[in-house]
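S.K.: If you scroll down you'll find the structure; I have some questions about it.
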Amino acid sequence: MTAPVLPADSPDAIARAAALLREGGLVAMPTETVYGLAADAGNAAAVARLYAAKGRPRFNPLIAHVSGIAMAKRLVEWPAMADALARAFWPGPLTLVLPKLADATICDLANAGLDSVAIRAPGHVAARALLAAFGGPLVAPSANPSGGVSPTTAAHVSEGLGETLDLILDGGPCTVGVESTVIALLDGRATLLRPGGLERDRIEAITGPLAIAGHSDAPTSPGMLASHYAPRAAMRLNATVAQDGELLLGFGPVAGNLNLSAAGDLAEAAARLFAALREMDAAGPKQIAVAPIPDEGLGEAINDRLQRAAAPRPVP
């Protein structure tokens with residue numbers, strides 16, 4: 001049976017969701033980036049159920065969502081750089097990877113047995129209400145089968161994971177549309193682990209130039225697998241015309257069968273990316289071709305997702 005869908009702006013729905021989470025349940029919640037699949041970060045059985053629902057490799061750590069700086073300080077070491085970044089960009093699409101405190105209420109399964117934890121304070125009002133009602137950290141990877149296209153509406157969640165969840169909170173379409181930017185603050189330096197919904201130049205205004213991490217088969221952060229965010233159809237990037245059997249996802253002057261932003265607006269393109277990939281994939285093309293996207297600002301995050309979607313798929 002498909003999980004019930006309730007309006008995320010309902011206090012009763014938030015209370016019900018928090019109760020389910022305390023009981024070890026799984027709840028899909030809206031965030032400003034994508035919909036997250038929430039579970040109690042300290043409940044290993046709930047986290048194991050989350051991994052099973054997504055079909056997610058257990059070596060891929062999860063982001064712990066927190067209400068703010070005070071909760072974060074109970075989970076991780078908190079250097080001055082973390083404080084500066086959080087005060088500038090939280091709540092919002094920025095994840096920080098920091099050394100885990102010995103008494104942190106994060107089960108080992110949630111952070112893949114690492115000595116560090118990825119944390120962020122989401123900006124969506126419903127996610128913040130749920131965190132306040134629950135009173136502790138929630139792990140919440142994207143609410144879709146592992147490796148697939150991330151969900152930006154409640155309907156996407158229901159289509160992909162509806163039968164495995166206890167509740168879906170519908171907060172409307174996500175406004176950012178790509179996952180958070182992930183920055184590691186380890187060993188005294190700041191490293192970009194994943195481009196995302198917060199532009200790198202805004203972060204570097206505080207940190208200075210960031211070191212850049214590559215993709216990994218043994219990731220230290222969510223979203224570092226080389227093949228990820230993939231539709232069923234194969235992908236071809238930097239295309240200006242469609243070949244036989246292809247649908248073309250356009251941008252700017254490359255109209256395509258569907259256009260991420262006819263105006264060439266990268267924020268609009270980021271917000272529409274995953275929904276557009278889902279729509280094109282549903283048409284059953286042999287391949288999806290994608291127009292060139294400028295590799296600047298939010299274009300860096302868009303290209304990162306497209307490159308991972310187009311990467312060779314893991315052998316089952």
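Just so we're on the same page: first chain in the structure tokens is A, next is B, and so on; residues restart at 1 for each chain, and ligands are numbered from 1 in the order they show up.
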Excluding Ala155 of chain A and its own-chain neighbours fewer than 2 positions away, which residues fall within 12 Å of it when counting only C-alpha atoms? Please give them as a list in words.
M.R.: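 Listed by chain and then number, they are Thr2, Ala3, Pro4, Val5, Leu6, Ala28, Pro30, Tyr35, Ala143, Asn144, Ser150, Pro151, Thr152, Thr153, Val157, Ser158, Glu159, Gly160, Leu161, Gly162, Ile168, Leu169, Asp170, Gly171, Gly172, Pro173, Cys174, Ala275 and Arg278 of chain A.
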S.K.: I'd like the contact shell of Ile183 of chain A - 10 Å cut-off, only C-alpha atoms, skipping same-chain residues fewer than 2 positions apart - returned as a PyMOL selection string.
M.R.: chain A and resi 82+85+94-98+118-119+180-181+185-186+189-195+200+203+210-213+221
S.K.: Next, dump the selected residues to file, keeping only N, CA and C atoms, as a PDB file, in the first residue's frame.
M.R.:
ATOM      1  N   ALA A  82      33.470  26.569  10.805  1.00  0.00           N
ATOM      2  CA  ALA A  82      32.111  26.027  10.755  1.00  0.00           C
ATOM      3  C   ALA A  82      31.114  27.061  11.250  1.00  0.00           C
ATOM      4  N   LEU A  85      30.570  29.753   8.555  1.00  0.00           N
ATOM      5  CA  LEU A  85      29.781  29.280   7.428  1.00  0.00           C
ATOM      6  C   LEU A  85      28.318  29.070   7.815  1.00  0.00           C
ATOM      7  N   LEU A  94      23.666  24.082   2.505  1.00  0.00           N
ATOM      8  CA  LEU A  94      25.086  23.863   2.792  1.00  0.00           C
ATOM      9  C   LEU A  94      25.225  22.751   3.819  1.00  0.00           C
ATOM     10  N   THR A  95      25.995  21.710   3.467  1.00  0.00           N
ATOM     11  CA  THR A  95      26.315  20.616   4.378  1.00  0.00           C
ATOM     12  C   THR A  95      27.778  20.718   4.782  1.00  0.00           C
ATOM     13  N   LEU A  96      28.037  20.546   6.070  1.00  0.00           N
ATOM     14  CA  LEU A  96      29.397  20.585   6.603  1.00  0.00           C
ATOM     15  C   LEU A  96      29.772  19.201   7.124  1.00  0.00           C
ATOM     16  N   VAL A  97      30.945  18.723   6.748  1.00  0.00           N
ATOM     17  CA  VAL A  97      31.467  17.447   7.253  1.00  0.00           C
ATOM     18  C   VAL A  97      32.524  17.765   8.298  1.00  0.00           C
ATOM     19  N   LEU A  98      32.287  17.291   9.519  1.00  0.00           N
ATOM     20  CA  LEU A  98      33.113  17.648  10.670  1.00  0.00           C
ATOM     21  C   LEU A  98      33.385  16.417  11.528  1.00  0.00           C
ATOM     22  N   ALA A 118      28.345  14.318   8.332  1.00  0.00           N
ATOM     23  CA  ALA A 118      27.842  15.376   7.453  1.00  0.00           C
ATOM     24  C   ALA A 118      26.561  15.932   8.051  1.00  0.00           C
ATOM     25  N   ILE A 119      26.499  17.251   8.255  1.00  0.00           N
ATOM     26  CA  ILE A 119      25.327  17.857   8.888  1.00  0.00           C
ATOM     27  C   ILE A 119      24.896  19.101   8.112  1.00  0.00           C
ATOM     28  N   SER A 180      22.380  19.815  -1.588  1.00  0.00           N
ATOM     29  CA  SER A 180      23.217  20.807  -0.921  1.00  0.00           C
ATOM     30  C   SER A 180      24.670  20.716  -1.366  1.00  0.00           C
ATOM     31  N   THR A 181      25.365  21.831  -1.273  1.00  0.00           N
ATOM     32  CA  THR A 181      26.816  21.860  -1.422  1.00  0.00           C
ATOM     33  C   THR A 181      27.433  21.250  -0.171  1.00  0.00           C
ATOM     34  N   LEU A 185      35.350  20.135   6.613  1.00  0.00           N
ATOM     35  CA  LEU A 185      36.260  20.935   7.435  1.00  0.00           C
ATOM     36  C   LEU A 185      37.026  19.963   8.319  1.00  0.00           C
ATOM     37  N   LEU A 186      38.044  19.348   7.722  1.00  0.00           N
ATOM     38  CA  LEU A 186      38.835  18.323   8.376  1.00  0.00           C
ATOM     39  C   LEU A 186      40.313  18.626   8.159  1.00  0.00           C
ATOM     40  N   ARG A 189      41.596  22.204   6.879  1.00  0.00           N
ATOM     41  CA  ARG A 189      41.368  22.825   5.575  1.00  0.00           C
ATOM     42  C   ARG A 189      39.932  22.602   5.152  1.00  0.00           C
ATOM     43  N   ALA A 190      39.481  23.440   4.232  1.00  0.00           N
ATOM     44  CA  ALA A 190      38.121  23.340   3.704  1.00  0.00           C
ATOM     45  C   ALA A 190      38.181  22.724   2.304  1.00  0.00           C
ATOM     46  N   THR A 191      37.409  21.656   2.098  1.00  0.00           N
ATOM     47  CA  THR A 191      37.432  20.921   0.832  1.00  0.00           C
ATOM     48  C   THR A 191      36.024  20.805   0.280  1.00  0.00           C
ATOM     49  N   LEU A 192      35.856  21.112  -0.998  1.00  0.00           N
ATOM     50  CA  LEU A 192      34.575  20.932  -1.669  1.00  0.00           C
ATOM     51  C   LEU A 192      34.424  19.462  -2.038  1.00  0.00           C
ATOM     52  N   LEU A 193      33.462  18.784  -1.397  1.00  0.00           N
ATOM     53  CA  LEU A 193      33.201  17.382  -1.692  1.00  0.00           C
ATOM     54  C   LEU A 193      32.123  17.210  -2.757  1.00  0.00           C
ATOM     55  N   ARG A 194      31.176  18.142  -2.790  1.00  0.00           N
ATOM     56  CA  ARG A 194      30.106  18.056  -3.789  1.00  0.00           C
ATOM     57  C   ARG A 194      29.575  19.445  -4.075  1.00  0.00           C
ATOM     58  N   PRO A 195      29.601  19.896  -5.334  1.00  0.00           N
ATOM     59  CA  PRO A 195      28.916  21.154  -5.665  1.00  0.00           C
ATOM     60  C   PRO A 195      27.417  20.989  -5.463  1.00  0.00           C
ATOM     61  N   ARG A 200      29.904  28.047  -5.123  1.00  0.00           N
ATOM     62  CA  ARG A 200      31.231  27.956  -4.521  1.00  0.00           C
ATOM     63  C   ARG A 200      31.822  29.333  -4.208  1.00  0.00           C
ATOM     64  N   ILE A 203      30.886  30.659  -0.860  1.00  0.00           N
ATOM     65  CA  ILE A 203      31.575  29.965   0.233  1.00  0.00           C
ATOM     66  C   ILE A 203      33.022  30.448   0.325  1.00  0.00           C
ATOM     67  N   LEU A 210      38.895  26.781  -2.061  1.00  0.00           N
ATOM     68  CA  LEU A 210      38.612  25.442  -1.556  1.00  0.00           C
ATOM     69  C   LEU A 210      39.464  24.408  -2.268  1.00  0.00           C
ATOM     70  N   ALA A 211      39.910  23.400  -1.527  1.00  0.00           N
ATOM     71  CA  ALA A 211      40.446  22.207  -2.164  1.00  0.00           C
ATOM     72  C   ALA A 211      39.277  21.454  -2.795  1.00  0.00           C
ATOM     73  N   ILE A 212      39.544  20.661  -3.828  1.00  0.00           N
ATOM     74  CA  ILE A 212      38.488  19.953  -4.554  1.00  0.00           C
ATOM     75  C   ILE A 212      38.722  18.456  -4.443  1.00  0.00           C
ATOM     76  N   ALA A 213      37.711  17.724  -3.967  1.00  0.00           N
ATOM     77  CA  ALA A 213      37.796  16.272  -3.877  1.00  0.00           C
ATOM     78  C   ALA A 213      37.236  15.650  -5.140  1.00  0.00           C
ATOM     79  N   SER A 221      31.523  11.222   2.064  1.00  0.00           N
ATOM     80  CA  SER A 221      30.369  12.115   2.167  1.00  0.00           C
ATOM     81  C   SER A 221      29.277  11.628   1.233  1.00  0.00           C
TER      82      SER A 221
END
S.K.: Using DSSP secondary structure from the backbone, list all alpha helix (DSSP H) positions within segment 32-86 of chain A, as an NGL selection string.
M.R.: :A and (44-54 or 69-73 or 80-86)
S.K.: Let's see if you can do this: from backbone DSSP, list all strand (DSSP E) residues in segment 89-311 of chain A, as a PyMOL selection string.
M.R.: chain A and resi 94-99+116-120+138-139+167-170+181-186+189-194+211-212+234-236+246-250+258-259+287-290
S.K.: Hey, can you spit out that residue selection with C-alpha atoms as a PDB file, in the first residue's frame?
M.R.:
ATOM      1  CA  LEU A  94      25.086  23.863   2.792  1.00  0.00           C
ATOM      2  CA  THR A  95      26.315  20.616   4.378  1.00  0.00           C
ATOM      3  CA  LEU A  96      29.397  20.585   6.603  1.00  0.00           C
ATOM      4  CA  VAL A  97      31.467  17.447   7.253  1.00  0.00           C
ATOM      5  CA  LEU A  98      33.113  17.648  10.670  1.00  0.00           C
ATOM      6  CA  PRO A  99      34.726  15.309  13.231  1.00  0.00           C
ATOM      7  CA  SER A 116      33.152  12.376  10.718  1.00  0.00           C
ATOM      8  CA  VAL A 117      29.525  13.411  10.242  1.00  0.00           C
ATOM      9  CA  ALA A 118      27.842  15.376   7.453  1.00  0.00           C
ATOM     10  CA  ILE A 119      25.327  17.857   8.888  1.00  0.00           C
ATOM     11  CA  ARG A 120      23.092  20.623   7.609  1.00  0.00           C
ATOM     12  CA  LEU A 138      17.272  13.205  11.314  1.00  0.00           C
ATOM     13  CA  VAL A 139      19.185  11.512   8.540  1.00  0.00           C
ATOM     14  CA  LEU A 167       4.177   8.958   5.479  1.00  0.00           C
ATOM     15  CA  ILE A 168       4.902  11.581   2.821  1.00  0.00           C
ATOM     16  CA  LEU A 169       4.707  15.265   3.733  1.00  0.00           C
ATOM     17  CA  ASP A 170       3.764  17.328   0.682  1.00  0.00           C
ATOM     18  CA  THR A 181      26.816  21.860  -1.422  1.00  0.00           C
ATOM     19  CA  VAL A 182      29.059  19.688   0.779  1.00  0.00           C
ATOM     20  CA  ILE A 183      32.162  21.151   2.423  1.00  0.00           C
ATOM     21  CA  ALA A 184      34.537  19.106   4.592  1.00  0.00           C
ATOM     22  CA  LEU A 185      36.260  20.935   7.435  1.00  0.00           C
ATOM     23  CA  LEU A 186      38.835  18.323   8.376  1.00  0.00           C
ATOM     24  CA  ARG A 189      41.368  22.825   5.575  1.00  0.00           C
ATOM     25  CA  ALA A 190      38.121  23.340   3.704  1.00  0.00           C
ATOM     26  CA  THR A 191      37.432  20.921   0.832  1.00  0.00           C
ATOM     27  CA  LEU A 192      34.575  20.932  -1.669  1.00  0.00           C
ATOM     28  CA  LEU A 193      33.201  17.382  -1.692  1.00  0.00           C
ATOM     29  CA  ARG A 194      30.106  18.056  -3.789  1.00  0.00           C
ATOM     30  CA  ALA A 211      40.446  22.207  -2.164  1.00  0.00           C
ATOM     31  CA  ILE A 212      38.488  19.953  -4.554  1.00  0.00           C
ATOM     32  CA  ALA A 234      21.545   6.533 -21.209  1.00  0.00           C
ATOM     33  CA  MET A 235      22.823  10.111 -21.204  1.00  0.00           C
ATOM     34  CA  ARG A 236      24.809  12.191 -23.705  1.00  0.00           C
ATOM     35  CA  GLU A 246      17.171  10.619 -28.410  1.00  0.00           C
ATOM     36  CA  LEU A 247      15.231  13.318 -26.660  1.00  0.00           C
ATOM     37  CA  LEU A 248      17.096  16.596 -26.178  1.00  0.00           C
ATOM     38  CA  LEU A 249      17.004  18.467 -22.875  1.00  0.00           C
ATOM     39  CA  GLY A 250      17.637  22.055 -23.854  1.00  0.00           C
ATOM     40  CA  LEU A 258      12.101  20.306 -23.128  1.00  0.00           C
ATOM     41  CA  ASN A 259      14.065  23.345 -21.972  1.00  0.00           C
ATOM     42  CA  GLN A 287      19.049   8.122 -24.776  1.00  0.00           C
ATOM     43  CA  ILE A 288      18.659  11.594 -23.296  1.00  0.00           C
ATOM     44  CA  ALA A 289      20.887  14.268 -24.819  1.00  0.00           C
ATOM     45  CA  VAL A 290      21.560  17.410 -22.776  1.00  0.00           C
TER      46      VAL A 290
END
S.K.: Please list as a PyMOL selection string every residue within 9 Å of Ala45 of chain A, counting only C-alpha atoms and excluding residues in the same chain fewer than 4 positions away.
M.R.: chain A and resi 24+49-50
S.K.: Go ahead and compute the interatomic distance for atom CA of Ile293 of chain A and atom CA of Thr31 of chain A, in Å to one decimal.
M.R.: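 Computing it gives 24.6 Å between the two atoms.
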S.K.: Measuring atom to atom with only C-alpha atoms, identify which of A:Gly208, A:Gly123, A:Gly113, A:Gly197 is nearest to His65 of chain A.
M.R.: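 Among the listed residues, the smallest separation from His65 of chain A belongs to A:Gly123.
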S.K.: Can you tell me how far atom CA of Thr240 of chain A sits from atom CA of Gly256 of chain A, in Å to one decimal?
M.R.: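 Spanning atom CA of Thr240 of chain A to atom CA of Gly256 of chain A is a straight-line distance of 8.1 Å.
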S.K.: So the first atom is atom CA of Val27 of chain A and the second is atom CA of Arg308 of chain A; what is the distance between them in Å, to one decimal place?
M.R.: 26.6 Å
